[in-house]
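See below for protein_31.cif, which holds mmCIF, C-alpha atoms.
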```
data_final
loop_
_atom_site.group_PDB
_atom_site.id
_atom_site.type_symbol
_atom_site.label_atom_id
_atom_site.label_comp_id
_atom_site.auth_asym_id
_atom_site.auth_seq_id
_atom_site.Cartn_x
_atom_site.Cartn_y
_atom_site.Cartn_z
ATOM 1 C CA MET A 1 3.406 8.480 20.187
ATOM 2 C CA THR A 2 1.035 8.850 23.119
ATOM 3 C CA ASP A 3 -2.707 9.089 23.604
ATOM 4 C CA TYR A 4 -2.217 12.854 23.696
ATOM 5 C CA ASP A 5 -0.881 12.681 20.150
ATOM 6 C CA LYS A 6 -3.990 10.800 19.051
ATOM 7 C CA THR A 7 -6.135 13.533 20.556
ATOM 8 C CA ALA A 8 -4.027 16.163 18.826
ATOM 9 C CA ILE A 9 -4.457 14.399 15.491
ATOM 10 C CA LEU A 10 -8.227 14.217 15.976
ATOM 11 C CA ASN A 11 -8.269 17.956 16.694
ATOM 12 C CA ASP A 12 -6.188 18.513 13.596
ATOM 13 C CA VAL A 13 -8.729 16.535 11.546
ATOM 14 C CA ILE A 14 -11.440 18.857 12.827
ATOM 15 C CA ASN A 15 -9.360 21.909 11.871
ATOM 16 C CA ILE A 16 -8.710 20.566 8.364
ATOM 17 C CA GLU A 17 -12.421 19.910 7.955
ATOM 18 C CA LYS A 18 -13.112 23.548 8.831
ATOM 19 C CA MET A 19 -10.491 24.637 6.324
ATOM 20 C CA LEU A 20 -11.996 22.573 3.528
ATOM 21 C CA SER A 21 -15.460 23.922 4.241
ATOM 22 C CA GLU A 22 -13.984 27.437 3.938
ATOM 23 C CA GLU A 23 -15.450 28.343 7.330
ATOM 24 C CA ASP A 24 -12.484 30.621 7.954
ATOM 25 C CA GLY A 25 -13.209 32.554 4.776
ATOM 26 C CA LYS A 26 -10.034 31.437 3.018
ATOM 27 C CA LYS A 27 -10.388 30.077 -0.507
ATOM 28 C CA VAL A 28 -9.446 26.409 -0.913
ATOM 29 C CA ASP A 29 -7.756 25.290 -4.118
ATOM 30 C CA VAL A 30 -6.342 22.007 -5.463
ATOM 31 C CA ARG A 31 -3.311 21.114 -7.584
ATOM 32 C CA LEU A 32 -3.267 17.562 -8.945
ATOM 33 C CA TYR A 33 -0.267 15.408 -9.852
ATOM 34 C CA LEU A 34 -0.249 11.970 -11.450
ATOM 35 C CA LEU A 35 2.452 9.747 -9.945
ATOM 36 C CA TRP A 36 4.259 7.384 -12.312
ATOM 37 C CA LYS A 37 7.352 5.225 -12.278
ATOM 38 C CA ASP A 38 10.406 5.972 -14.431
ATOM 39 C CA LYS A 39 12.745 3.124 -13.578
ATOM 40 C CA LYS A 40 13.028 3.434 -9.764
ATOM 41 C CA GLU A 41 12.107 7.115 -9.538
ATOM 42 C CA MET A 42 8.557 8.281 -8.849
ATOM 43 C CA MET A 43 7.703 11.101 -11.232
ATOM 44 C CA PHE A 44 5.024 13.753 -10.720
ATOM 45 C CA SER A 45 3.073 15.169 -13.677
ATOM 46 C CA TYR A 46 0.921 18.244 -13.060
ATOM 47 C CA SER A 47 -2.633 18.339 -14.406
ATOM 48 C CA GLU A 48 -4.848 21.375 -14.755
ATOM 49 C CA LEU A 49 -8.318 20.858 -13.282
ATOM 50 C CA GLY A 50 -11.754 22.370 -13.542
ATOM 51 C CA ILE A 51 -13.510 23.433 -10.355
ATOM 52 C CA ASP A 52 -15.870 20.443 -10.423
ATOM 53 C CA ILE A 53 -13.004 17.945 -10.464
ATOM 54 C CA LYS A 54 -11.119 19.889 -7.794
ATOM 55 C CA ASN A 55 -14.123 19.525 -5.540
ATOM 56 C CA THR A 56 -14.088 15.725 -5.923
ATOM 57 C CA PHE A 57 -10.721 15.533 -4.171
ATOM 58 C CA ILE A 58 -11.935 17.729 -1.333
ATOM 59 C CA LYS A 59 -14.960 15.432 -1.026
ATOM 60 C CA ARG A 60 -12.627 12.416 -0.968
ATOM 61 C CA TRP A 61 -10.823 13.805 2.045
ATOM 62 C CA LEU A 62 -14.081 14.639 3.803
ATOM 63 C CA HIS A 63 -15.499 11.170 3.100
ATOM 64 C CA ASP A 64 -12.477 9.235 4.411
ATOM 65 C CA TYR A 65 -11.250 11.401 7.292
ATOM 66 C CA SER A 66 -13.997 13.787 8.400
ATOM 67 C CA ASN A 67 -14.927 13.306 12.045
ATOM 68 C CA ASN A 68 -18.657 13.858 11.418
ATOM 69 C CA ASP A 69 -20.709 12.696 14.420
ATOM 70 C CA GLN A 70 -18.482 9.739 15.263
ATOM 71 C CA VAL A 71 -15.118 9.883 16.992
ATOM 72 C CA GLN A 72 -12.407 8.467 14.721
ATOM 73 C CA GLU A 73 -10.220 5.691 16.135
ATOM 74 C CA PHE A 74 -6.472 5.925 15.479
ATOM 75 C CA SER A 75 -3.673 3.362 15.650
ATOM 76 C CA GLU A 76 0.029 4.113 15.414
ATOM 77 C CA PHE A 77 1.376 2.718 12.148
ATOM 78 C CA ASN A 78 4.200 0.218 11.879
ATOM 79 C CA VAL A 79 5.040 -2.143 9.044
ATOM 80 C CA GLY A 80 4.406 -5.243 11.150
ATOM 81 C CA MET A 81 0.964 -4.271 12.443
ATOM 82 C CA GLU A 82 -2.147 -6.328 11.852
ATOM 83 C CA LYS A 83 -4.845 -5.150 9.470
ATOM 84 C CA THR A 84 -7.118 -2.616 11.164
ATOM 85 C CA ASP A 85 -10.226 -0.607 10.368
ATOM 86 C CA ASN A 86 -8.812 2.308 12.367
ATOM 87 C CA LEU A 87 -7.139 5.244 10.741
ATOM 88 C CA MET A 88 -3.376 4.915 11.197
ATOM 89 C CA PHE A 89 -0.837 7.654 11.819
ATOM 90 C CA CYS A 90 2.899 8.203 11.810
ATOM 91 C CA LYS A 91 5.326 11.095 11.748
ATOM 92 C CA SER A 92 5.856 12.254 8.170
ATOM 93 C CA ASP A 93 9.643 12.101 8.556
ATOM 94 C CA ILE A 94 9.775 8.416 9.555
ATOM 95 C CA PHE A 95 9.859 7.188 5.936
ATOM 96 C CA PRO A 96 12.093 9.171 3.531
ATOM 97 C CA LEU A 97 9.768 9.102 0.515
ATOM 98 C CA VAL A 98 6.879 10.713 2.407
ATOM 99 C CA GLN A 99 8.579 14.077 2.750
ATOM 100 C CA LYS A 100 10.328 13.693 -0.599
ATOM 101 C CA TYR A 101 6.982 13.440 -2.388
ATOM 102 C CA VAL A 102 5.696 16.562 -0.664
ATOM 103 C CA LYS A 103 8.817 18.502 -1.622
ATOM 104 C CA LYS A 104 8.331 17.543 -5.275
ATOM 105 C CA THR A 105 5.245 19.763 -5.400
ATOM 106 C CA ASP A 106 7.021 22.844 -4.002
ATOM 107 C CA LEU A 107 6.640 25.644 -6.554
ATOM 108 C CA THR A 108 9.739 27.411 -5.229
ATOM 109 C CA ASN A 109 12.045 24.595 -6.346
ATOM 110 C CA ASP A 110 14.475 25.652 -9.074
ATOM 111 C CA PRO A 111 14.305 23.699 -11.242
ATOM 112 C CA LEU A 112 10.819 22.343 -10.592
ATOM 113 C CA GLN A 113 10.752 18.699 -9.502
ATOM 114 C CA PHE A 114 7.592 17.806 -11.426
ATOM 115 C CA VAL A 115 6.618 17.623 -15.096
ATOM 116 C CA THR A 116 4.501 20.678 -15.847
ATOM 117 C CA ASP A 117 1.934 18.937 -18.097
ATOM 118 C CA LEU A 118 0.617 15.493 -19.113
ATOM 119 C CA THR A 119 2.361 15.118 -22.472
ATOM 120 C CA THR A 120 4.997 12.772 -21.047
ATOM 121 C CA VAL A 121 2.711 10.533 -19.028
ATOM 122 C CA ARG A 122 -0.241 10.370 -21.433
ATOM 123 C CA PRO A 123 1.261 7.631 -23.669
ATOM 124 C CA ILE A 124 2.406 5.550 -20.674
ATOM 125 C CA LEU A 125 -0.594 5.525 -18.353
ATOM 126 C CA ASN A 126 0.209 1.927 -17.427
ATOM 127 C CA ARG A 127 3.080 3.320 -15.347
ATOM 128 C CA VAL A 128 0.820 5.568 -13.262
ATOM 129 C CA ARG A 129 0.794 4.468 -9.608
ATOM 130 C CA GLY A 130 -1.596 7.012 -8.140
ATOM 131 C CA TYR A 131 -2.094 10.699 -7.521
ATOM 132 C CA CYS A 132 -1.252 13.503 -5.140
ATOM 133 C CA ALA A 133 -3.901 16.179 -4.657
ATOM 134 C CA HIS A 134 -2.324 19.240 -3.021
ATOM 135 C CA ILE A 135 -5.231 20.922 -1.249
ATOM 136 C CA TYR A 136 -4.332 24.355 0.056
ATOM 137 C CA THR A 137 -5.227 27.853 1.184
ATOM 138 C CA ASP A 138 -2.907 30.847 1.423
ATOM 139 C CA ASP A 139 -1.419 29.545 4.674
ATOM 140 C CA ASP A 140 -2.230 25.823 4.989
ATOM 141 C CA ASN A 141 -1.488 22.658 2.981
ATOM 142 C CA VAL A 142 -2.876 19.126 2.905
ATOM 143 C CA TYR A 143 -1.432 16.471 0.579
ATOM 144 C CA LEU A 144 -3.938 13.748 -0.290
ATOM 145 C CA PHE A 145 -2.717 10.546 -1.942
ATOM 146 C CA GLY A 146 -4.737 7.842 -3.646
ATOM 147 C CA SER A 147 -4.659 5.170 -6.324
ATOM 148 C CA THR A 148 -5.770 5.206 -9.938
ATOM 149 C CA THR A 149 -7.143 2.754 -12.477
ATOM 150 C CA THR A 150 -5.996 2.966 -16.084
ATOM 151 C CA PHE A 151 -7.791 1.907 -19.251
ATOM 152 C CA ASN A 152 -6.508 1.042 -22.702
ATOM 153 C CA ASN A 153 -6.730 3.640 -25.424
ATOM 154 C CA LEU A 154 -10.214 3.479 -26.897
ATOM 155 C CA THR A 155 -8.785 2.655 -30.324
ATOM 156 C CA LYS A 156 -7.890 -0.780 -28.879
ATOM 157 C CA LYS A 157 -11.500 -1.462 -27.888
ATOM 158 C CA THR A 158 -12.753 -2.140 -31.380
ATOM 159 C CA SER A 159 -14.987 -4.951 -30.154
ATOM 160 C CA LEU A 160 -17.170 -2.371 -28.416
ATOM 161 C CA GLY A 161 -17.935 -0.565 -31.668
ATOM 162 C CA MET A 162 -18.542 2.776 -29.967
ATOM 163 C CA ILE A 163 -18.398 4.176 -26.441
ATOM 164 C CA GLY A 164 -20.585 7.145 -25.624
ATOM 165 C CA ASN A 165 -21.371 9.538 -22.796
ATOM 166 C CA VAL A 166 -25.043 9.333 -21.803
ATOM 167 C CA GLY A 167 -26.485 12.739 -21.011
ATOM 168 C CA LYS A 168 -30.006 13.739 -19.975
ATOM 169 C CA LYS A 169 -31.154 14.134 -23.558
ATOM 170 C CA GLU A 170 -28.498 12.682 -25.820
ATOM 171 C CA ILE A 171 -25.583 10.331 -26.211
ATOM 172 C CA THR A 172 -22.338 11.900 -27.325
ATOM 173 C CA LYS A 173 -19.484 9.910 -28.784
ATOM 174 C CA ILE A 174 -16.187 9.732 -26.908
ATOM 175 C CA SER A 175 -13.317 10.497 -29.241
ATOM 176 C CA ASP A 176 -11.198 7.568 -30.392
ATOM 177 C CA ASP A 177 -8.191 9.580 -29.220
ATOM 178 C CA ASP A 178 -9.422 9.829 -25.634
ATOM 179 C CA VAL A 179 -7.235 8.272 -22.973
ATOM 180 C CA MET A 180 -9.012 7.498 -19.717
ATOM 181 C CA ILE A 181 -7.925 7.192 -16.103
ATOM 182 C CA GLY A 182 -10.041 6.469 -13.054
ATOM 183 C CA PHE A 183 -9.506 7.805 -9.528
ATOM 184 C CA ASN A 184 -10.471 5.207 -6.938
ATOM 185 C CA PRO A 185 -13.004 6.561 -4.426
ATOM 186 C CA LYS A 186 -11.078 5.403 -1.352
ATOM 187 C CA THR A 187 -7.892 7.319 -0.608
ATOM 188 C CA THR A 188 -4.522 6.044 0.603
ATOM 189 C CA CYS A 189 -3.391 8.706 3.083
ATOM 190 C CA TYR A 190 -2.901 12.403 3.640
ATOM 191 C CA ILE A 191 -0.030 14.486 5.001
ATOM 192 C CA HIS A 192 -0.552 17.614 7.059
ATOM 193 C CA ASP A 193 2.344 19.413 8.730
ATOM 194 C CA ASP A 194 4.520 16.693 10.320
ATOM 195 C CA VAL A 195 1.904 13.911 10.505
ATOM 196 C CA CYS A 196 0.710 11.334 7.979
ATOM 197 C CA VAL A 197 -2.754 9.812 8.470
ATOM 198 C CA ILE A 198 -3.280 6.523 6.637
ATOM 199 C CA LYS A 199 -6.513 5.009 5.342
ATOM 200 C CA ASN A 200 -5.136 2.087 3.325
ATOM 201 C CA LYS A 201 -2.122 0.242 4.779
ATOM 202 C CA LYS A 202 -1.156 -1.765 1.698
ATOM 203 C CA GLY A 203 -1.621 1.214 -0.613
ATOM 204 C CA PHE A 204 0.577 3.311 1.681
ATOM 205 C CA GLU A 205 3.279 0.648 1.765
ATOM 206 C CA ASP A 206 3.277 0.312 -2.027
ATOM 207 C CA LEU A 207 3.259 4.032 -2.747
ATOM 208 C CA PHE A 208 6.030 4.944 -0.334
ATOM 209 C CA GLY A 209 8.390 2.040 -1.001
ATOM 210 C CA LEU A 210 8.160 0.228 2.320
ATOM 211 C CA LEU A 211 9.381 -3.092 0.931
ATOM 212 C CA GLU A 212 12.817 -2.050 2.173
ATOM 213 C CA GLU A 213 11.360 -1.765 5.666
ATOM 214 C CA TYR A 214 9.905 -5.270 5.349
ATOM 215 C CA LYS A 215 13.267 -6.512 4.206
ATOM 216 C CA LYS A 216 14.998 -5.191 7.324
ATOM 217 C CA ILE A 217 12.473 -6.848 9.635
ATOM 218 C CA ALA A 218 12.392 -10.101 7.656
ATOM 219 C CA LYS A 219 16.161 -10.513 7.845
ATOM 220 C CA GLU A 220 15.911 -10.867 11.612
ATOM 221 C CA THR A 221 13.183 -13.528 11.266
ATOM 222 C CA ILE A 222 15.162 -15.462 8.662
ATOM 223 C CA LYS A 223 18.059 -15.837 11.102
ATOM 224 C CA LEU A 224 15.826 -18.040 13.278
ATOM 225 C CA PHE A 225 15.873 -20.836 10.677
ATOM 226 C CA SER A 226 19.543 -21.443 11.487
ATOM 227 C CA LYS A 227 18.525 -22.710 14.944
ATOM 228 C CA PHE A 228 16.919 -25.765 13.290
ATOM 229 C CA PRO A 229 19.431 -26.795 10.561
ATOM 230 C CA ASP A 230 18.426 -30.467 10.563
ATOM 231 C CA PHE A 231 14.768 -29.649 9.857
ATOM 232 C CA TYR A 232 15.136 -26.666 7.463
ATOM 233 C CA GLN A 233 17.746 -28.178 5.167
ATOM 234 C CA GLY A 234 19.387 -25.951 2.561
ATOM 235 C CA ILE A 235 17.752 -22.854 4.027
ATOM 236 C CA GLU A 236 20.988 -20.858 3.643
ATOM 237 C CA THR A 237 19.885 -19.626 0.205
ATOM 238 C CA ILE A 238 16.541 -18.187 1.311
ATOM 239 C CA GLN A 239 17.907 -14.635 1.597
ATOM 240 C CA ASN A 240 19.062 -14.607 -2.037
ATOM 241 C CA ASP A 241 15.771 -16.167 -3.162
ATOM 242 C CA LEU A 242 13.745 -13.510 -1.345
ATOM 243 C CA ASP A 243 15.873 -10.774 -2.904
ATOM 244 C CA LYS A 244 14.741 -12.059 -6.301
ATOM 245 C CA ARG A 245 11.077 -11.823 -5.227
ATOM 246 C CA PRO A 246 11.027 -8.995 -2.666
ATOM 247 C CA ILE A 247 7.231 -8.867 -2.489
ATOM 248 C CA LEU A 248 7.441 -12.106 -0.472
ATOM 249 C CA TYR A 249 9.131 -10.243 2.380
ATOM 250 C CA ARG A 250 5.615 -9.261 3.469
ATOM 251 C CA SER A 251 4.860 -12.921 4.173
ATOM 252 C CA VAL A 252 8.008 -13.277 6.268
ATOM 253 C CA VAL A 253 7.046 -10.236 8.335
ATOM 254 C CA ASN A 254 3.549 -11.652 8.858
ATOM 255 C CA PHE A 255 4.577 -15.025 10.268
ATOM 256 C CA GLY A 256 7.499 -13.407 12.094
ATOM 257 C CA LYS A 257 4.946 -11.728 14.351
ATOM 258 C CA ASN A 258 3.954 -15.191 15.621
ATOM 259 C CA LYS A 259 6.821 -15.823 18.000
ATOM 260 C CA GLY A 260 8.228 -19.321 17.941
ATOM 261 C CA ILE A 261 6.313 -20.529 14.868
ATOM 262 C CA ILE A 262 9.518 -21.584 13.061
ATOM 263 C CA GLY A 263 10.447 -23.798 15.994
ATOM 264 C CA ARG A 264 6.943 -25.203 16.516
ATOM 265 C CA VAL A 265 6.523 -26.194 12.871
ATOM 266 C CA SER A 266 9.854 -28.035 13.015
ATOM 267 C CA GLN A 267 8.352 -30.378 15.646
ATOM 268 C CA HIS A 268 5.549 -31.621 13.384
ATOM 269 C CA LEU A 269 7.080 -33.368 10.371
ATOM 270 C CA GLU A 270 4.389 -36.072 10.402
ATOM 271 C CA LYS A 271 1.616 -33.471 10.112
ATOM 272 C CA ILE A 272 3.417 -31.805 7.206
ATOM 273 C CA ALA A 273 3.698 -35.177 5.477
ATOM 274 C CA GLU A 274 -0.043 -35.720 5.999
ATOM 275 C CA ILE A 275 -0.848 -32.312 4.506
ATOM 276 C CA LYS A 276 1.427 -32.943 1.522
ATOM 277 C CA SER A 277 -0.314 -36.243 0.739
ATOM 278 C CA SER A 278 -3.890 -35.190 1.537
ATOM 279 C CA ASN A 279 -6.503 -34.785 -1.190
ATOM 280 C CA ILE A 280 -7.044 -31.153 -0.211
ATOM 281 C CA PHE A 281 -3.424 -29.981 -0.257
ATOM 282 C CA ALA A 282 -1.560 -32.509 -2.421
ATOM 283 C CA GLU A 283 -1.610 -30.414 -5.584
ATOM 284 C CA LYS A 284 -0.658 -27.179 -3.831
ATOM 285 C CA TYR A 285 2.294 -28.686 -1.946
ATOM 286 C CA HIS A 286 3.443 -31.041 -4.688
ATOM 287 C CA ASP A 287 6.795 -29.249 -5.051
ATOM 288 C CA LEU A 288 7.525 -29.131 -1.319
ATOM 289 C CA GLU A 289 10.256 -31.733 -0.753
ATOM 290 C CA ILE A 290 10.518 -33.469 2.615
ATOM 291 C CA ASN A 291 12.605 -36.370 3.930
ATOM 292 C CA ASP A 292 12.822 -38.238 7.221
ATOM 293 C CA LYS A 293 14.402 -35.229 8.967
ATOM 294 C CA GLY A 294 12.406 -32.306 7.681
ATOM 295 C CA ILE A 295 11.940 -29.913 4.756
ATOM 296 C CA VAL A 296 14.494 -29.934 1.956
ATOM 297 C CA TYR A 297 14.436 -26.286 0.926
ATOM 298 C CA ASN A 298 14.880 -25.078 -2.647
ATOM 299 C CA GLU A 299 14.021 -21.852 -4.454
ATOM 300 C CA LYS A 300 11.032 -23.363 -6.251
ATOM 301 C CA ALA A 301 9.422 -24.258 -2.931
ATOM 302 C CA LEU A 302 9.903 -20.814 -1.345
ATOM 303 C CA PRO A 303 6.208 -19.784 -1.591
ATOM 304 C CA LEU A 304 5.171 -23.183 -0.222
ATOM 305 C CA LEU A 305 7.399 -22.877 2.830
ATOM 306 C CA LEU A 306 6.017 -19.383 3.450
ATOM 307 C CA SER A 307 2.515 -20.796 3.128
ATOM 308 C CA LEU A 308 3.148 -23.434 5.793
ATOM 309 C CA LEU A 309 4.385 -20.765 8.168
ATOM 310 C CA ASN A 310 1.997 -17.993 7.216
ATOM 311 C CA GLU A 311 -1.473 -19.311 6.363
ATOM 312 C CA GLU A 312 -3.390 -19.759 9.587
ATOM 313 C CA PRO A 313 -5.603 -22.722 8.580
ATOM 314 C CA VAL A 314 -2.595 -24.748 7.369
ATOM 315 C CA ARG A 315 -0.421 -23.687 10.271
ATOM 316 C CA SER A 316 -3.149 -24.666 12.707
ATOM 317 C CA ILE A 317 -3.329 -28.177 11.271
ATOM 318 C CA ILE A 318 0.433 -28.538 11.679
ATOM 319 C CA THR A 319 0.901 -27.122 15.166
ATOM 320 C CA GLY A 320 -2.522 -27.663 16.715
ATOM 321 C CA ASP A 321 -2.778 -23.935 17.487
ATOM 322 C CA GLU A 322 -6.345 -22.731 17.504
ATOM 323 C CA PHE A 323 -7.352 -20.978 14.296
ATOM 324 C CA VAL A 324 -10.024 -18.288 14.478
ATOM 325 C CA ALA A 325 -11.384 -17.296 11.085
ATOM 326 C CA GLU A 326 -11.839 -13.607 10.359
ATOM 327 C CA HIS A 327 -15.420 -12.471 9.846
#
```
Please express the file's structure as structure tokens.
Amino acid sequence: MTDYDKTAILNDVINIEKMLSEEDGKKVDVRLYLLWKDKKEMMFSYSELGIDIKNTFIKRWLHDYSNNDQVQEFSEFNVGMEKTDNLMFCKSDIFPLVQKYVKKTDLTNDPLQFVTDLTTVRPILNRVRGYCAHIYTDDDNVYLFGSTTTFNNLTKKTSLGMIGNVGKKEITKISDDDVMIGFNPKTTCYIHDDVCVIKNKKGFEDLFGLLEEYKKIAKETIKLFSKFPDFYQGIETIQNDLDKRPILYRSVVNFGKNKGIIGRVSQHLEKIAEIKSSNIFAEKYHDLEINDKGIVYNEKALPLLLSLLNEEPVRSIITGDEFVAEH
């Protein structure tokens, strides 16, 4: 995308803000869905809402994306980008699940692609991964996504004795049958037309299944180990080991952005030996096996190898590269 696209997105933010404030005279409404996992499929359960709760989701959008008096900064999203305080953006068709989730809320689907009430999800709140608030007028739609926090059924909190709501004049008891869920104040992203604007990178990656994208990128990085077979011994099994713990692909992507780090680390066996035997790191790297040629890789040591390549303070000690701590 170009700078023009960033300007267009900023203008779109301004237009959405006008829509939500009902400046154009069109009534804004909200439909809420809880998102939960059933095996590998993300399910949507529809929840009826009172007007006061509907307004909280509109306020969430305004708080996280409204232009206000300051010009928002935007960065184009990619899975290998560094952490940023800017809002991020991408086309909504770049990742398959983004558009799929929007289509699940389409009321013209036959049959409907969402559960029409909360009876199914209520007993399994631990599977809830977040929410989708469909904010709309007669001719415009914004899909706001965020995360949730779940609580145990109050009947399991016997140690508390009683939990009550504190009003202005009285305390009222919460029913023992109440099941609670919290909606985190910060949102994950929103989708409007063909653009997705992202507030929380990790939340976006988790919600829309981007581990597969990490896997694709990481496979190219992993190939670089084969250039140093004497140093990274037994590394041929790393692909299978990562497949067992796919969350670690994020770490591979992170150090893969530092070009040449695999080669540079392989030139500093003595420094690695010093780290392994030092008082500070000895316990952490106890299971990292080395010999007179290099690292003897095994599945148990996978996180330790990733740490050597990925954690800047450790990597700096090994390679002598300058490490600048984040403030």
**Request:** For Leu242 of chain A, list every protein, DNA or RNA residue within 12 Å, evaluated using only C-alpha atoms, and leave out those in the same chain fewer than 4 positions away; present the list as a PyMOL selection string.
**Result:** chain A and resi 211+214-215+218-219+222+235-238+246-252+298-303+306
Given the PyMOL selection byres ((chain A and resi 139-144) around 10) and the file above, list the residues it selects as a tab-separated table (two decimals) with C-alpha atoms, in the coordinates of the input.
```
chain	number	residue	atom	x	y	z
A	16	ILE	CA	-8.71	20.57	8.36
A	19	MET	CA	-10.49	24.64	6.32
A	20	LEU	CA	-12.00	22.57	3.53
A	26	LYS	CA	-10.03	31.44	3.02
A	28	VAL	CA	-9.45	26.41	-0.91
A	29	ASP	CA	-7.76	25.29	-4.12
A	30	VAL	CA	-6.34	22.01	-5.46
A	31	ARG	CA	-3.31	21.11	-7.58
A	32	LEU	CA	-3.27	17.56	-8.94
A	57	PHE	CA	-10.72	15.53	-4.17
A	58	ILE	CA	-11.94	17.73	-1.33
A	60	ARG	CA	-12.63	12.42	-0.97
A	61	TRP	CA	-10.82	13.80	2.04
A	101	TYR	CA	6.98	13.44	-2.39
A	102	VAL	CA	5.70	16.56	-0.66
A	105	THR	CA	5.24	19.76	-5.40
A	131	TYR	CA	-2.09	10.70	-7.52
A	132	CYS	CA	-1.25	13.50	-5.14
A	133	ALA	CA	-3.90	16.18	-4.66
A	134	HIS	CA	-2.32	19.24	-3.02
A	135	ILE	CA	-5.23	20.92	-1.25
A	136	TYR	CA	-4.33	24.36	0.06
A	137	THR	CA	-5.23	27.85	1.18
A	138	ASP	CA	-2.91	30.85	1.42
A	145	PHE	CA	-2.72	10.55	-1.94
A	146	GLY	CA	-4.74	7.84	-3.65
A	187	THR	CA	-7.89	7.32	-0.61
A	188	THR	CA	-4.52	6.04	0.60
A	189	CYS	CA	-3.39	8.71	3.08
A	190	TYR	CA	-2.90	12.40	3.64
A	191	ILE	CA	-0.03	14.49	5.00
A	192	HIS	CA	-0.55	17.61	7.06
A	193	ASP	CA	2.34	19.41	8.73
A	196	CYS	CA	0.71	11.33	7.98
A	197	VAL	CA	-2.75	9.81	8.47
```
**Prompt:** Which residues, written as an MDAnalysis selection string, have at least one atom at most 10 Å from Asp38 of chain A, with all atoms listed in the file counted and residues fewer than 3 positions away on the same chain left out?
**Reply:** chainID A and resid 35 41:43 127:128
**Item:** Neighbour list for Thr116 of chain A as a ChimeraX atom specification, cut-off 12 Å, all atoms listed in the file, skip fewer than 5 positions in-chain
**Value:** /A:31-34,43-48,104-105,107,111,121
Could you save the residues just selected, with C-alpha atoms, as an mmCIF file, in the coordinates of the input?
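New file out-v1.cif:
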```
data_model
loop_
_atom_site.group_PDB
_atom_site.id
_atom_site.type_symbol
_atom_site.label_atom_id
_atom_site.label_comp_id
_atom_site.auth_asym_id
_atom_site.auth_seq_id
_atom_site.Cartn_x
_atom_site.Cartn_y
_atom_site.Cartn_z
ATOM 1 C CA ARG A 31 -3.311 21.114 -7.584
ATOM 2 C CA LEU A 32 -3.267 17.562 -8.945
ATOM 3 C CA TYR A 33 -0.267 15.408 -9.852
ATOM 4 C CA LEU A 34 -0.249 11.970 -11.450
ATOM 5 C CA MET A 43 7.703 11.101 -11.232
ATOM 6 C CA PHE A 44 5.024 13.753 -10.720
ATOM 7 C CA SER A 45 3.073 15.169 -13.677
ATOM 8 C CA TYR A 46 0.921 18.244 -13.060
ATOM 9 C CA SER A 47 -2.633 18.339 -14.406
ATOM 10 C CA GLU A 48 -4.848 21.375 -14.755
ATOM 11 C CA LYS A 104 8.331 17.543 -5.275
ATOM 12 C CA THR A 105 5.245 19.763 -5.400
ATOM 13 C CA LEU A 107 6.640 25.644 -6.554
ATOM 14 C CA PRO A 111 14.305 23.699 -11.242
ATOM 15 C CA VAL A 121 2.711 10.533 -19.028
#
```
**Item:** Atomic separation - atom CA of Leu309 of chain A relative to atom CA of Phe281 of chain A, Å
**Value:**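 Distance reported for this atom pair: 14.7 Å.
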**Item:** Pick from A:Gly294, A:Gly50, A:Gly256, A:Gly234, whichever lies nearest to Gly80 of chain A using all atoms listed in the file
**Value:** A:Gly256
**Prompt:** Which residues fall under the PyMOL selection byres ((chain A and resi 268) around 10) in this file, as a PyMOL selection string?
**Reply:** chain A and resi 263-267+269-273+294+317-320
**Prompt:** Counting all atoms listed in the file, which of A:Lys199, A:Asp106, A:Asp241, A:Ile262 gets nearest to Ser226 of chain A?
**Reply:** A:Ile262
**Request:** Rank nothing, just name the residue among A:Asp12, A:Asp230, A:Glu22, A:Asp292 nearest to Gln72 of chain A, using all atoms listed in the file.
**Result:**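 Closest candidate: A:Asp12.
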Around segment 228-244 of chain A, fit a box with edges along x, y and z, padding it by 4 Å on each side, then list its centre and edge lengths in Å to one decimal as JSON.
```
{"center_x": 17.4, "center_y": -20.6, "center_z": 3.5, "size_x": 15.2, "size_y": 27.7, "size_z": 27.6}
```
**Request:** Between A:Asn15, A:Phe114, A:Thr148, A:Ser75, single out the one closest to Pro185 of chain A, counting all atoms listed in the file.
**Result:**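 So, comparing all the options, the nearest one is A:Thr148.
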**Request:** Quick one: pull the distance between atom CA of Val296 of chain A and atom CA of Gln233 of chain A, Å, one decimal.
**Result:**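 Calculated distance between atom CA of Val296 of chain A and atom CA of Gln233 of chain A is 4.9 Å.
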**Asked** What gap, in Å, lies between atom CA of Leu62 of chain A and atom CA of Ile14 of chain A?
**Response**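 Interatomic distance here is 10.3 Å.
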**Message:** Env of Val13 of chain A: 9 Å cut, atoms = only C-alpha atoms, seq-sep filter 6 positions within chain, self excluded. Answer as number ranges by chain.
**Reply:** A: 65-67
